[in-house]
Structures are given as C-alpha cells and as structure tokens.
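Dropping entry_21.cif in here (mmCIF, C-alpha atoms and all ligand atoms):
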data_structure
#
loop_
_atom_site.label_atom_id
_atom_site.label_comp_id
_atom_site.auth_asym_id
_atom_site.auth_seq_id
_atom_site.Cartn_x
_atom_site.Cartn_y
_atom_site.Cartn_z
CA MET X 1 -16.36 -6.38 -2.68
CA LYS X 2 -16.25 -2.69 -1.96
CA ARG X 3 -16.70 -1.93 1.71
CA VAL X 4 -16.30 0.69 4.37
CA VAL X 5 -13.62 -0.53 6.79
CA ALA X 6 -13.57 2.54 9.03
CA ARG X 7 -15.32 5.89 9.05
CA GLY X 8 -14.36 7.51 5.75
CA VAL X 9 -12.13 4.59 4.70
CA HIS X 10 -13.29 2.61 1.67
CA GLN X 11 -11.56 -0.62 0.68
CA LEU X 12 -11.64 -1.02 -3.10
CA PRO X 13 -11.60 -4.39 -4.89
CA VAL X 14 -9.04 -3.71 -7.60
CA GLY X 15 -7.12 -6.99 -7.82
CA SER X 16 -5.49 -6.10 -4.53
CA HIS X 17 -6.93 -3.79 -1.89
CA ALA X 18 -6.67 -0.06 -2.50
CA TYR X 19 -8.07 2.40 0.02
CA LEU X 20 -9.95 5.61 -0.58
CA VAL X 21 -9.71 7.78 2.50
CA ASP X 22 -12.11 10.70 2.82
CA GLY X 23 -11.14 13.63 4.99
CA ASP X 24 -11.81 17.32 5.61
CA GLU X 25 -8.93 18.39 3.39
CA GLY X 26 -9.74 16.02 0.53
CA VAL X 27 -9.52 12.43 -0.52
CA THR X 28 -6.37 10.32 -0.38
CA LEU X 29 -5.99 7.10 -2.33
CA VAL X 30 -3.59 4.44 -1.06
CA ASP X 31 -2.52 2.18 -3.95
CA THR X 32 -4.45 1.81 -7.20
CA GLY X 33 -4.81 -1.90 -7.97
CA LEU X 34 -4.29 -3.74 -11.22
CA PRO X 35 -4.46 -1.96 -14.58
CA GLY X 36 -7.99 -1.15 -15.72
CA HIS X 37 -9.55 -0.28 -12.36
CA VAL X 38 -9.77 3.49 -12.49
CA ASP X 39 -13.57 3.15 -12.82
CA VAL X 40 -13.79 1.60 -9.36
CA VAL X 41 -12.11 4.70 -7.97
CA ILE X 42 -14.33 7.08 -9.93
CA ASP X 43 -17.51 5.17 -9.01
CA THR X 44 -16.61 5.16 -5.33
CA LEU X 45 -15.94 8.89 -5.40
CA ALA X 46 -19.37 9.49 -6.94
CA HIS X 47 -20.94 7.18 -4.36
CA ILE X 48 -19.55 9.25 -1.47
CA GLY X 49 -20.41 12.57 -3.08
CA ARG X 50 -16.89 13.42 -4.16
CA THR X 51 -15.47 14.30 -7.55
CA PRO X 52 -12.18 13.18 -9.11
CA GLN X 53 -10.85 16.68 -8.42
CA ASP X 54 -11.34 16.08 -4.69
CA VAL X 55 -8.51 13.55 -4.71
CA THR X 56 -5.46 15.39 -3.39
CA ALA X 57 -2.91 12.57 -3.17
CA VAL X 58 -2.21 9.08 -4.47
CA LEU X 59 0.12 7.24 -2.11
CA ILE X 60 1.72 4.06 -3.43
CA THR X 61 3.20 1.43 -1.12
CA HIS X 62 5.36 -0.34 -3.70
CA ALA X 63 5.93 -0.88 -7.40
CA HIS X 64 4.11 -4.12 -8.16
CA SER X 65 1.51 -3.78 -10.88
CA ASP X 66 -1.31 -5.02 -8.63
CA HIS X 67 -0.72 -1.78 -6.67
CA THR X 68 0.56 0.64 -9.32
CA GLY X 69 -1.46 -0.72 -12.26
CA SER X 70 -4.11 1.99 -12.35
CA ALA X 71 -1.89 4.80 -11.05
CA ALA X 72 -1.31 6.44 -14.43
CA ALA X 73 -5.05 6.37 -15.22
CA VAL X 74 -5.99 7.65 -11.77
CA ARG X 75 -3.48 10.46 -12.09
CA SER X 76 -4.97 11.44 -15.46
CA ALA X 77 -8.54 11.26 -14.19
CA THR X 78 -7.98 13.14 -10.93
CA GLY X 79 -4.96 15.34 -11.51
CA ALA X 80 -3.71 14.21 -8.10
CA PRO X 81 0.04 13.86 -7.55
CA VAL X 82 1.43 10.35 -7.15
CA SER X 83 3.87 9.61 -4.33
CA MET X 84 6.09 6.63 -3.65
CA SER X 85 9.62 5.84 -2.53
CA ALA X 86 12.50 6.86 -4.78
CA ARG X 87 13.64 3.24 -5.02
CA ASP X 88 10.32 1.87 -6.24
CA ALA X 89 9.64 4.94 -8.39
CA VAL X 90 12.43 3.74 -10.69
CA VAL X 91 10.43 0.57 -11.34
CA ALA X 92 7.07 2.35 -11.62
CA ARG X 93 8.48 4.71 -14.24
CA GLY X 94 9.60 1.70 -16.24
CA GLU X 95 13.31 2.48 -15.81
CA ALA X 96 14.00 -0.85 -14.11
CA GLY X 97 12.40 -4.29 -14.11
CA THR X 98 9.87 -5.40 -11.53
CA GLU X 99 11.44 -6.66 -8.34
CA ASP X 100 10.30 -10.16 -7.43
CA PRO X 101 8.33 -10.39 -4.19
CA PRO X 102 9.76 -12.90 -1.68
CA LEU X 103 7.11 -15.41 -2.72
CA LEU X 104 8.73 -15.63 -6.15
CA GLN X 105 12.35 -15.25 -5.05
CA ARG X 106 11.97 -18.69 -3.52
CA LEU X 107 11.61 -20.16 -6.95
CA GLY X 108 15.30 -19.56 -7.51
CA PRO X 109 17.51 -17.24 -9.48
CA LEU X 110 15.08 -16.81 -12.34
CA SER X 111 15.26 -13.27 -13.54
CA SER X 112 12.11 -11.30 -12.84
CA VAL X 113 9.47 -13.96 -12.49
CA ALA X 114 7.21 -11.13 -11.35
CA SER X 115 7.37 -9.34 -14.65
CA ARG X 116 5.88 -12.42 -16.27
CA MET X 117 3.28 -13.15 -13.59
CA LEU X 118 2.08 -9.62 -12.92
CA PRO X 119 0.43 -7.75 -15.79
CA GLU X 120 2.33 -4.90 -17.29
CA ALA X 121 1.46 -1.46 -15.93
CA ASP X 122 1.66 1.77 -17.87
CA PRO X 123 4.66 3.83 -16.77
CA VAL X 124 3.70 6.07 -13.87
CA VAL X 125 4.67 9.70 -13.48
CA VAL X 126 5.85 9.97 -9.89
CA ASP X 127 5.33 13.51 -8.64
CA HIS X 128 6.84 13.09 -5.21
CA GLU X 129 9.43 10.69 -3.86
CA VAL X 130 8.53 10.13 -0.24
CA SER X 131 10.83 9.11 2.56
CA GLU X 132 10.47 8.48 6.24
CA GLY X 133 10.74 11.58 8.38
CA GLU X 134 9.91 13.96 5.54
CA ARG X 135 6.62 15.65 4.68
CA THR X 136 7.12 15.98 0.93
CA GLY X 137 4.26 14.47 -1.04
CA LEU X 138 2.10 13.76 2.00
CA PRO X 139 -1.26 15.24 2.92
CA GLU X 140 -1.85 16.52 6.44
CA GLU X 141 -1.88 13.79 9.11
CA TRP X 142 -0.13 11.22 6.89
CA PHE X 143 3.33 9.79 7.64
CA VAL X 144 5.67 7.43 5.80
CA VAL X 145 7.26 4.41 7.44
CA ALA X 146 10.00 2.71 5.42
CA THR X 147 9.18 -1.01 5.44
CA PRO X 148 11.59 -2.69 3.00
CA GLY X 149 11.48 -6.44 2.45
CA HIS X 150 8.58 -7.13 0.12
CA THR X 151 10.36 -4.74 -2.26
CA SER X 152 13.47 -2.69 -1.50
CA GLY X 153 11.52 0.54 -1.51
CA HIS X 154 8.30 -0.65 0.09
CA VAL X 155 6.75 1.96 2.40
CA SER X 156 3.74 1.92 4.70
CA TYR X 157 1.55 4.93 5.44
CA LEU X 158 0.31 5.92 8.86
CA LEU X 159 -2.69 8.20 9.18
CA ASP X 160 -2.82 10.04 12.49
CA ARG X 161 -6.60 9.89 12.84
CA MET X 162 -9.04 7.79 14.91
CA GLY X 163 -6.27 6.35 17.05
CA GLY X 164 -3.97 5.72 14.12
CA LEU X 165 -4.69 3.88 10.88
CA LEU X 166 -1.82 1.94 9.31
CA PHE X 167 -1.83 1.13 5.60
CA ALA X 168 0.79 -1.60 5.41
CA GLY X 169 0.59 -2.60 1.75
CA ASP X 170 2.36 -5.93 1.37
CA ALA X 171 4.71 -5.46 4.34
CA ALA X 172 2.62 -8.00 6.26
CA MET X 173 -0.73 -9.76 6.29
CA VAL X 174 -3.23 -10.87 8.89
CA ASP X 175 -4.75 -14.36 8.98
CA ARG X 176 -8.36 -15.21 9.79
CA HIS X 177 -7.50 -15.56 13.47
CA GLY X 178 -6.24 -11.99 13.62
CA ARG X 179 -2.59 -13.02 13.70
CA VAL X 180 -0.14 -10.74 11.91
CA GLY X 181 2.62 -12.39 9.93
CA ARG X 182 4.59 -12.30 6.73
CA GLY X 183 1.63 -13.69 4.77
CA TRP X 184 1.75 -15.65 1.56
CA VAL X 185 3.01 -12.62 -0.34
CA ASN X 186 6.21 -12.85 1.71
CA ALA X 187 6.43 -16.60 2.21
CA GLY X 188 9.88 -17.78 3.15
CA SER X 189 11.34 -14.34 3.62
CA ALA X 190 13.10 -13.27 6.79
CA ALA X 191 13.79 -9.85 5.31
CA VAL X 192 10.26 -8.65 5.97
CA ASP X 193 10.51 -9.44 9.67
CA ALA X 194 12.63 -6.38 10.44
CA SER X 195 9.93 -4.18 8.98
CA ILE X 196 7.15 -5.93 10.90
CA HIS X 197 9.25 -5.50 14.02
CA LYS X 198 9.59 -1.81 13.26
CA LEU X 199 5.84 -1.39 12.74
CA ALA X 200 5.26 -3.16 16.04
CA GLN X 201 6.91 -0.23 17.82
CA LEU X 202 4.42 2.30 16.46
CA HIS X 203 1.03 3.29 17.82
CA PHE X 204 -2.01 2.60 15.69
CA ARG X 205 -5.46 1.20 16.28
CA ALA X 206 -6.26 -0.33 12.90
CA ALA X 207 -4.23 -1.89 10.11
CA TYR X 208 -5.15 -2.38 6.46
CA PHE X 209 -3.26 -4.57 4.03
CA GLY X 210 -2.85 -5.03 0.29
CA HIS X 211 -4.31 -8.53 0.43
CA GLY X 212 -6.48 -10.54 2.80
CA GLY X 213 -8.15 -9.21 5.91
CA PHE X 214 -7.64 -6.19 8.14
CA LEU X 215 -7.58 -5.33 11.83
CA SER X 216 -10.03 -2.76 13.21
CA ASN X 217 -8.77 -2.67 16.76
CA ASP X 218 -5.60 -3.36 18.77
CA ALA X 219 -3.71 -3.78 15.52
CA ALA X 220 -0.36 -2.66 16.94
CA ALA X 221 -0.67 -5.35 19.62
CA ALA X 222 -1.03 -8.00 16.90
CA PHE X 223 2.20 -6.74 15.33
CA ARG X 224 3.89 -6.84 18.73
CA ARG X 225 2.81 -10.44 19.26
CA TYR X 226 4.45 -11.44 15.99
CA ALA X 227 7.57 -9.44 16.80
CA ALA X 228 7.82 -11.04 20.25
CA GLY X 229 7.79 -14.48 18.63
CA LEU X 230 10.76 -13.70 16.43
CA GLY X 231 13.17 -14.60 19.24
ZN ZN I 301 3.51 -6.70 -3.93
#

Have the structure of the file written as structure tokens, please.
Ligand SMILES: [Zn+2]
Amino acid sequence: MKRVVARGVHQLPVGSHAYLVDGDEGVTLVDTGLPGHVDVVIDTLAHIGRTPQDVTAVLITHAHSDHTGSAAAVRSATGAPVSMSARDAVVARGEAGTEDPPLLQRLGPLSSVASRMLPEADPVVVDHEVSEGERTGLPEEWFVVATPGHTSGHVSYLLDRMGGLLFAGDAAMVDRHGRVGRGWVNAGSAAVDASIHKLAQLHFRAAYFGHGGFLSNDAAAAFRRYAAGLG
C-alpha cells in the first residue's frame, strides 16, 4: 500500500519499500523496488503534482534486485542520475554476481543463492558513486552513511530535515513493538551489528527501512537500545 510516512515522504509498494521524497529543490527517490515498478513511481509523481523531470536524484542503498530492479527504467523515465556505492555499483552494472544477503549466507557455501531467488534486474547505469563524507551524487541536505553488512557496499541515507530522516535500506529492521534489530533480512549475521551500532550514534527522528515497518519518532533511541544490548 502506498502511503505518506512523513510530510513529503511517500512509501512506495514496489516489492520492497522505496521512498519518494518531495522537497523544494526537487524529488529524490530512495531505492526503486523490483523490476517492473516504474509505473508506481510515475503514478505517485502525478498524484503529488510532480513530473518525472522533477526527480533530481535516485539514491540506491544496495545492489539487490528488490531495490535496484526498476532503477534502469526510472532513470530512463526521469533522466535523474543514479547514485550508489562503488562496491555495489559493480553488481548493479552486471559486472559481478549478486552478493547473498546474510539470510542466504546461512544456507552454506552455495554460490549466489540470491541470484536464483531474486529476479534478474536490467544492468543499471550508475552516474555517481557515493561515499561517506563526500557530497558527490547527493542532493542538498542528503548524507551517506556507510553501513556494510547486508552487502559489502550497503549505504544508508540521512536527510537533514524535520529532525533527521534516516533511510536505512536493509541495514536493519524494526519489529511491531518498535524494536530495532537485524531483522529477517539479516538473520544470523553479526556483521550488520557494527553498522547498527554506527547508526545509533547519529541524530535522527525517524527511520525508514526496505522491508517491514518504520519509526516516526525517537528512532535513534531505538537504535541505541539495540546497540546497548550488544554487550
Ligand atoms: Zn537486500
């Protein structure tokens, strides 16, 4: 279900959650969902009185096809540049195989289970390779936080607006009690904990994820509670 999760922030049902973020300087899209969902993006733009040309940036958290699947189509339809980490860009371009998420790594040393379970995505042209501490490829008010674990090049995006909005992709999840944790996407993985710990040190009011629910308020505190329990 498509819904407004904060003022100007639209959560799109595209096989995972993508987020269309409206702002004075244009529209930013965080992730693009499974292949075949460009229409959801276009329809939402029309619904909020925007055109495809109003999209100024497509920010990708990581190269799994439930996040990058519609990136090539969105780029064609909007002309907006696509940004992601250099590490995951290699996968998105089709130059390397899909990296298994921790959920699948548990199944053992099977090579690229993910590439068989996730649908194939068209190769994506990556216009900007983003990295923490640099502004390249980012609209005003947006920042990159490197959050490896779910994939080696996974990044989260922090929007410095309304007290801070974190777009965490698959770096973590929140359960129905509002507790932040690894989530089923990262089941059995300790590697993601360092990234959750890192996010816990940042200031943000709300947090939005690639799957499951979100946190509208005191989101950083929920990350800190998880981090404090790591021991
Ligand atoms: Zn993923």

Atomic distance atom CA of X:Val27 - atom CA of X:Val55, expressed in Å with one decimal: 4.5 Å

Residue neighbourhood X:Val30, 6 Å, all atoms listed in the file, exclusion window fewer than 3 positions, as a list in words: Ala18, Tyr19, Val58, Leu59 and Ile60 of chain X

Polymer residues at most 9 Å from X:Thr44, only C-alpha atoms, same-chain spacing of 3 or more positions, as a ChimeraX atom specification: /X:2,10,12,20,39-41,47-50

Point-to-point distance in Å for atom CA of X:Ala57 and atom CA of X:Ser83: 7.5 Å

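Comparing X:Ala206, X:Ala227, X:Leu118, X:Ala191 by their smallest distance to ligand ZN 301 (chain I), the closest is X:Leu118 (using all atoms listed in the file).
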
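Between X:Ser131 and the candidates X:Pro101, X:Phe204, X:Thr61, X:Gly169, the tightest atom-to-atom separation, counting all atoms listed in the file, involves X:Thr61.
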
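Counting all atoms listed in the file and comparing X:Asp54, X:Asp24, X:Asp43, X:Asp88, the residue that lies closest to ligand ZN 301 (chain I) is X:Asp88.
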